[in-house]
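Visitor: Structure file final39.csv (CSV, C-alpha atoms) right here:
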chain,number,residue,atom,x,y,z
A,1,MET,CA,85.9,98.6,74.3
A,2,ALA,CA,88.5,96.9,76.5
A,3,GLU,CA,87.2,95.1,79.6
A,4,ALA,CA,87.8,97.0,82.8
A,5,GLN,CA,90.7,95.7,84.8
A,6,ALA,CA,89.8,94.2,88.2
A,7,PRO,CA,91.4,95.9,91.3
A,8,ILE,CA,94.7,94.4,92.4
A,9,THR,CA,94.3,92.7,95.8
A,10,ARG,CA,97.4,90.6,95.7
A,11,GLN,CA,100.7,90.7,97.5
A,12,ILE,CA,103.8,91.6,95.5
A,13,PHE,CA,106.9,89.5,96.2
A,14,LYS,CA,109.9,91.7,95.4
A,15,ASP,CA,112.4,88.8,95.0
A,16,SER,CA,110.6,87.6,91.9
A,17,ARG,CA,108.9,91.0,91.0
A,18,GLU,CA,105.7,89.1,90.2
A,19,PHE,CA,102.3,89.0,91.7
A,20,GLY,CA,102.2,86.3,94.3
A,21,ALA,CA,99.6,84.7,96.4
A,22,ARG,CA,96.3,86.5,97.1
A,23,VAL,CA,96.2,88.4,100.4
A,24,ASP,CA,92.7,88.6,102.0
A,25,VAL,CA,92.4,91.9,103.7
A,26,SER,CA,89.1,93.3,104.8
A,27,LEU,CA,89.0,96.9,105.9
A,28,GLN,CA,85.5,96.4,107.4
A,29,ASP,CA,87.2,94.8,110.4
A,30,VAL,CA,89.2,98.0,111.0
A,31,ASP,CA,86.8,100.7,109.7
A,32,ASP,CA,85.9,101.9,113.2
A,33,CYS,CA,89.3,101.5,114.9
A,34,PHE,CA,90.7,104.8,116.1
A,35,ILE,CA,94.0,106.4,115.1
A,36,TYR,CA,95.4,109.6,116.6
A,37,ASP,CA,96.8,112.8,115.0
A,38,ARG,CA,99.7,114.9,116.3
A,39,HIS,CA,97.4,116.6,118.8
A,40,GLY,CA,96.1,113.4,120.3
A,41,THR,CA,92.7,113.8,118.6
A,42,SER,CA,91.1,110.5,117.7
A,43,VAL,CA,90.0,109.8,114.1
A,44,ALA,CA,88.1,106.8,112.8
A,45,PHE,CA,90.5,104.8,110.5
A,46,LYS,CA,87.8,104.7,107.7
A,47,LYS,CA,88.0,108.5,107.4
A,48,LEU,CA,91.3,108.0,105.5
A,49,TYR,CA,89.8,106.2,102.6
A,50,GLU,CA,86.0,106.7,102.9
A,51,ASN,CA,85.7,109.4,100.3
A,52,ARG,CA,89.0,109.1,98.4
A,53,LYS,CA,91.7,106.7,97.2
A,54,SER,CA,94.5,106.6,99.7
A,55,ILE,CA,98.0,105.1,99.9
A,56,ILE,CA,98.4,104.2,103.5
A,57,ILE,CA,101.9,103.4,104.8
A,58,PHE,CA,102.3,101.5,108.1
A,59,LEU,CA,105.7,102.1,109.7
A,60,ARG,CA,107.6,99.9,112.1
A,61,SER,CA,108.9,102.7,114.5
A,62,PHE,CA,109.6,106.3,114.2
A,63,LEU,CA,113.1,105.5,115.6
A,64,CYS,CA,113.8,102.8,112.9
A,65,TYR,CA,116.4,104.2,110.5
A,66,THR,CA,114.9,102.2,107.6
A,67,CYS,CA,111.5,103.8,108.2
A,68,LYS,CA,113.1,107.2,108.6
A,69,GLU,CA,114.9,106.9,105.2
A,70,TYR,CA,111.8,105.5,103.5
A,71,VAL,CA,109.8,108.5,104.7
A,72,ASP,CA,112.6,110.8,103.6
A,73,ASP,CA,111.8,109.6,100.0
A,74,LEU,CA,108.1,109.6,100.5
A,75,SER,CA,108.4,113.2,101.4
A,76,LYS,CA,109.9,113.9,98.0
A,77,ILE,CA,106.7,113.1,96.2
A,78,PRO,CA,105.2,116.5,94.9
A,79,ARG,CA,101.7,117.1,96.3
A,80,ASP,CA,100.4,118.2,92.9
A,81,VAL,CA,101.3,114.8,91.4
A,82,LEU,CA,99.0,113.1,93.9
A,83,GLU,CA,96.3,115.7,93.8
A,84,GLU,CA,96.1,115.4,90.0
A,85,ALA,CA,95.5,111.7,90.3
A,86,GLY,CA,93.0,112.2,93.2
A,87,VAL,CA,95.2,110.2,95.6
A,88,THR,CA,96.1,110.9,99.2
A,89,LEU,CA,99.2,109.7,101.0
A,90,VAL,CA,98.9,108.9,104.7
A,91,LEU,CA,101.5,107.5,107.2
A,92,ILE,CA,100.7,105.5,110.3
A,93,GLY,CA,103.1,104.7,113.2
A,94,GLN,CA,102.6,102.7,116.4
A,95,SER,CA,104.0,105.1,118.9
A,96,ALA,CA,102.4,107.6,121.2
A,97,TYR,CA,101.0,110.7,119.4
A,98,HIS,CA,103.6,113.1,120.9
A,99,HIS,CA,106.3,111.5,118.7
A,100,ILE,CA,104.5,112.5,115.5
A,101,GLU,CA,105.7,116.2,115.4
A,102,PRO,CA,109.4,115.5,116.0
A,103,PHE,CA,109.4,112.7,113.3
A,104,SER,CA,107.5,114.9,110.9
A,105,SER,CA,110.0,117.7,111.4
A,106,LEU,CA,113.0,115.3,111.1
A,107,THR,CA,111.9,113.9,107.7
A,108,GLY,CA,110.3,117.1,106.4
A,109,CYS,CA,107.2,115.0,105.7
A,110,PRO,CA,104.4,117.2,104.2
A,111,TYR,CA,101.8,114.4,104.5
A,112,GLU,CA,99.4,113.4,107.3
A,113,ILE,CA,100.9,111.2,110.0
A,114,PHE,CA,98.8,109.3,112.5
A,115,VAL,CA,99.5,106.6,115.2
A,116,ASP,CA,97.9,103.4,116.3
A,117,PRO,CA,99.5,103.1,119.7
A,118,GLU,CA,97.6,99.9,120.7
A,119,ARG,CA,98.4,98.3,117.3
A,120,CYS,CA,94.8,97.4,116.8
A,121,ILE,CA,94.9,98.0,113.0
A,122,TYR,CA,98.3,96.3,112.7
A,123,ARG,CA,97.0,93.2,114.3
A,124,LYS,CA,93.7,93.0,112.5
A,125,LEU,CA,95.3,93.5,109.1
A,126,GLY,CA,97.8,90.7,109.8
A,127,MET,CA,101.0,92.8,110.0
A,128,LYS,CA,104.0,90.7,111.0
A,129,THR,CA,105.4,90.8,114.5
A,130,GLU,CA,108.7,89.1,113.7
A,131,GLU,CA,111.2,89.5,111.0
A,132,GLU,CA,111.6,87.0,108.2
A,133,PHE,CA,114.7,87.1,106.0
A,134,THR,CA,115.4,85.0,102.9
A,135,MET,CA,118.6,84.6,100.9
A,136,SER,CA,116.8,86.1,97.9
A,137,ALA,CA,115.4,89.1,99.7
A,138,HIS,CA,116.2,92.5,98.1
A,139,THR,CA,117.2,95.5,100.2
A,140,SER,CA,115.0,98.5,100.1
A,141,PRO,CA,115.8,100.9,97.3
A,142,HIS,CA,115.1,103.7,99.7
A,143,VAL,CA,117.5,102.8,102.5
A,144,LYS,CA,120.9,104.4,102.2
A,145,SER,CA,122.5,103.6,105.5
A,146,GLY,CA,124.2,100.3,106.4
A,147,ILE,CA,123.0,98.3,109.3
A,148,PHE,CA,125.7,99.4,111.8
A,149,LEU,CA,125.5,103.1,111.0
A,150,GLY,CA,121.7,103.0,110.8
A,151,GLN,CA,121.3,101.4,114.2
A,152,MET,CA,123.7,103.9,115.7
A,153,LYS,CA,121.5,106.7,114.3
A,154,SER,CA,118.4,105.1,115.8
A,155,ILE,CA,120.0,104.7,119.2
A,156,TRP,CA,121.3,108.3,119.2
A,157,ARG,CA,117.8,109.6,118.3
A,158,ALA,CA,116.3,107.6,121.1
A,159,MET,CA,118.9,108.9,123.6
A,160,THR,CA,118.4,112.5,122.6
A,161,SER,CA,114.6,112.4,122.3
A,162,PRO,CA,112.7,114.5,124.9
A,163,ALA,CA,110.8,111.4,125.9
A,164,PHE,CA,113.2,108.4,125.9
A,165,ASP,CA,111.4,105.3,124.7
A,166,PHE,CA,111.5,103.0,121.7
A,167,GLN,CA,108.4,104.5,120.2
A,168,GLY,CA,106.6,101.2,119.7
A,169,ASP,CA,107.1,97.5,119.6
A,170,LEU,CA,110.5,96.8,118.0
A,171,HIS,CA,109.3,93.5,116.6
A,172,GLN,CA,106.4,95.0,114.8
A,173,GLN,CA,106.7,95.2,111.0
A,174,GLY,CA,104.8,97.5,108.6
A,175,GLY,CA,103.2,97.4,105.2
A,176,ALA,CA,101.3,99.4,102.6
A,177,ILE,CA,97.7,99.5,101.5
A,178,ILE,CA,95.9,101.3,98.6
A,179,ALA,CA,92.3,101.6,99.5
A,180,GLY,CA,89.1,103.6,98.7
A,181,PRO,CA,86.8,105.2,98.0
A,182,GLY,CA,84.9,103.0,100.4
A,183,SER,CA,86.4,99.9,101.9
A,184,LYS,CA,87.7,98.5,98.6
A,185,VAL,CA,91.3,97.3,98.8
A,186,HIS,CA,93.1,97.8,95.5
A,187,PHE,CA,96.5,96.5,96.8
A,188,CYS,CA,98.1,95.3,100.0
A,189,HIS,CA,101.8,94.6,100.9
A,190,ILE,CA,102.7,93.1,104.2
A,191,SER,CA,106.4,93.7,105.1
A,192,MET,CA,108.4,90.6,106.0
A,193,ASN,CA,111.2,92.6,107.6
A,194,ARG,CA,112.5,96.1,108.2
A,195,LEU,CA,114.0,96.4,104.6
A,196,ASP,CA,110.9,94.9,102.9
A,197,HIS,CA,109.6,98.3,101.7
A,198,MET,CA,107.2,98.5,98.7
A,199,PRO,CA,109.1,100.6,96.2
A,200,ILE,CA,107.5,104.0,96.1
A,201,ASP,CA,107.3,104.3,92.3
A,202,TRP,CA,105.5,100.9,92.2
A,203,LEU,CA,103.0,102.2,94.8
A,204,LEU,CA,102.3,105.3,92.7
A,205,GLN,CA,101.7,103.4,89.6
A,206,LEU,CA,99.4,100.9,91.3
A,207,ALA,CA,97.4,103.8,92.8
A,208,GLY,CA,96.9,105.2,89.3
A,209,VAL,CA,99.4,108.0,89.5
A,210,HIS,CA,100.7,108.6,86.0
A,211,GLU,CA,103.9,110.4,87.1
A,212,THR,CA,106.5,109.1,89.5
A,213,VAL,CA,109.5,110.5,91.3
A,214,ASP,CA,112.9,109.3,90.2
A,215,PHE,CA,114.8,108.4,93.4
A,216,SER,CA,118.0,107.5,91.7
A,217,GLY,CA,119.6,110.8,92.4
A,218,ARG,CA,118.3,112.7,89.4
A,219,PRO,CA,115.8,115.3,90.7
A,220,LYS,CA,113.2,115.1,88.0
A,221,ILE,CA,109.7,113.7,87.3
A,222,ILE,CA,109.6,110.9,84.7
A,223,HIS,CA,106.5,109.8,82.8
A,224,VAL,CA,105.4,106.2,82.9
Written as structure tokens, that's how I'd like the structure from this file.
Guide:
Amino acid sequence: MAEAQAPITRQIFKDSREFGARVDVSLQDVDDCFIYDRHGTSVAFKKLYENRKSIIIFLRSFLCYTCKEYVDDLSKIPRDVLEEAGVTLVLIGQSAYHHIEPFSSLTGCPYEIFVDPERCIYRKLGMKTEEEFTMSAHTSPHVKSGIFLGQMKSIWRAMTSPAFDFQGDLHQQGGAIIAGPGSKVHFCHISMNRLDHMPIDWLLQLAGVHETVDFSGRPKIIHV
């Protein structure tokens, strides 16, 4: 019988597409931090992964065009694909809770979205607060807009929002974690900049999902 593979707890560097240095992330430090749903109801962070395996995506800002387009693609993942694998997908932003509903409607996101307005979890998990770009950095495969057009879209959404604000710290970066059941971390990616998204098909595979969505423009499910 083959030896069971140890859970992945290392950062992936997309410029080399190899596992890089180990990232020490302990969810015990954030288990009891509170996040808020679209109604402003508080929920202990540990509820997201306590009894299930969860892919948890941390977003920069609901106004950020790169985050919006990343969530557009996350929203294309069929629910039954995740349910069959026993995996849940959850998104977390850093704005006030009343921005969740408009963002959810804009992206058509069918998955749960929460916010961490004080950025307690962001800070304790070591999410970056400045952007770091390198010459070898790859752009996100999920961002379709160029910088100029994307920023214009973000500004327009801010100006036309019922509550005009920037919906969080513009310097805050995001990331992705696969965790649970319990406080076990299977994988962690800390974004270095706004385009440093973990490719969604990689996340699905690392979470044990045996089917993944093809985001190349062909609307089909491919087996891996």
Visitor: What is the atom CA of Ile77 of chain A-atom CA of Gly93 of chain A distance in Å, reported with one decimal?
Guide: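 Atom-to-atom, atom CA of Ile77 of chain A and atom CA of Gly93 of chain A are spaced 19.3 Å apart.
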Visitor: Is there a way to get, as a JSON list (two decimals) with C-alpha atoms, keeping the file's coordinate frame, all residues within 12 Å of the point (86.2, 94.5, 102.0) in file coordinates, counting all atoms listed in the file?
Guide:
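For reference, part07.json as written:
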[["chain", "number", "residue", "atom", "x", "y", "z"],
["A", 7, "PRO", "CA", 91.40, 95.90, 91.30],
["A", 9, "THR", "CA", 94.30, 92.70, 95.80],
["A", 23, "VAL", "CA", 96.20, 88.40, 100.40],
["A", 24, "ASP", "CA", 92.70, 88.60, 102.00],
["A", 25, "VAL", "CA", 92.40, 91.90, 103.70],
["A", 26, "SER", "CA", 89.10, 93.30, 104.80],
["A", 27, "LEU", "CA", 89.00, 96.90, 105.90],
["A", 28, "GLN", "CA", 85.50, 96.40, 107.40],
["A", 29, "ASP", "CA", 87.20, 94.80, 110.40],
["A", 30, "VAL", "CA", 89.20, 98.00, 111.00],
["A", 31, "ASP", "CA", 86.80, 100.70, 109.70],
["A", 46, "LYS", "CA", 87.80, 104.70, 107.70],
["A", 125, "LEU", "CA", 95.30, 93.50, 109.10],
["A", 179, "ALA", "CA", 92.30, 101.60, 99.50],
["A", 180, "GLY", "CA", 89.10, 103.60, 98.70],
["A", 181, "PRO", "CA", 86.80, 105.20, 98.00],
["A", 182, "GLY", "CA", 84.90, 103.00, 100.40],
["A", 183, "SER", "CA", 86.40, 99.90, 101.90],
["A", 184, "LYS", "CA", 87.70, 98.50, 98.60],
["A", 185, "VAL", "CA", 91.30, 97.30, 98.80],
["A", 186, "HIS", "CA", 93.10, 97.80, 95.50],
["A", 187, "PHE", "CA", 96.50, 96.50, 96.80]]
Visitor: Kindly give the distance, in Å, that separates atom CA of Leu89 of chain A and atom CA of Gly208 of chain A, rounded to a single decimal.
Guide: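 Between atom CA of Leu89 of chain A and atom CA of Gly208 of chain A the gap is 12.7 Å.
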Visitor: In Å, rounded to a single decimal, give me how far atom CA of Gln172 of chain A is from atom CA of Lys128 of chain A.
Guide: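 We find that atom CA of Lys128 of chain A and atom CA of Gln172 of chain A lie 6.2 Å from each other.
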Visitor: If we count only C-alpha atoms and set the cut-off at 9 Å, which residues sit around Ile57 of chain A, ignoring sequence neighbours fewer than 3 positions away in its own chain? Please answer as a list in words.
Guide: Leu89, Val90, Leu91, Ile92, Gly93, Gly174, Gly175, Ala176, Ile177 and Ile178 of chain A
Visitor: Name the closest residue to Pro141 of chain A among the candidates A:Leu206, A:Val43, A:Leu195, A:Cys120; distances are taken between atoms, counting all atoms listed in the file.
Guide: A:Leu195
Visitor: Between A:Thr41, A:Ser140, A:Ser54, A:Thr129, which has the minimum distance to Glu83 of chain A (counting only C-alpha atoms)?
Guide: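 Closest to Glu83 of chain A, using only C-alpha atoms: A:Ser54.
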Visitor: List as JSON, numbers by chain: which residues have an atom within 6 Å of (91.3, 104.3, 115.2), counting all atoms listed in the file?
Guide: {"A": [33, 34, 35, 43, 44, 45]}
Visitor: Quick one: everything within 12 Å of Thr107 of chain A, counting all atoms listed in the file, minus sequence neighbours fewer than 4 positions away in the same chain. Send it as a VMD selection string.
Guide: chain A and resid 62 to 63 65 67 to 76 100 to 103 111 113
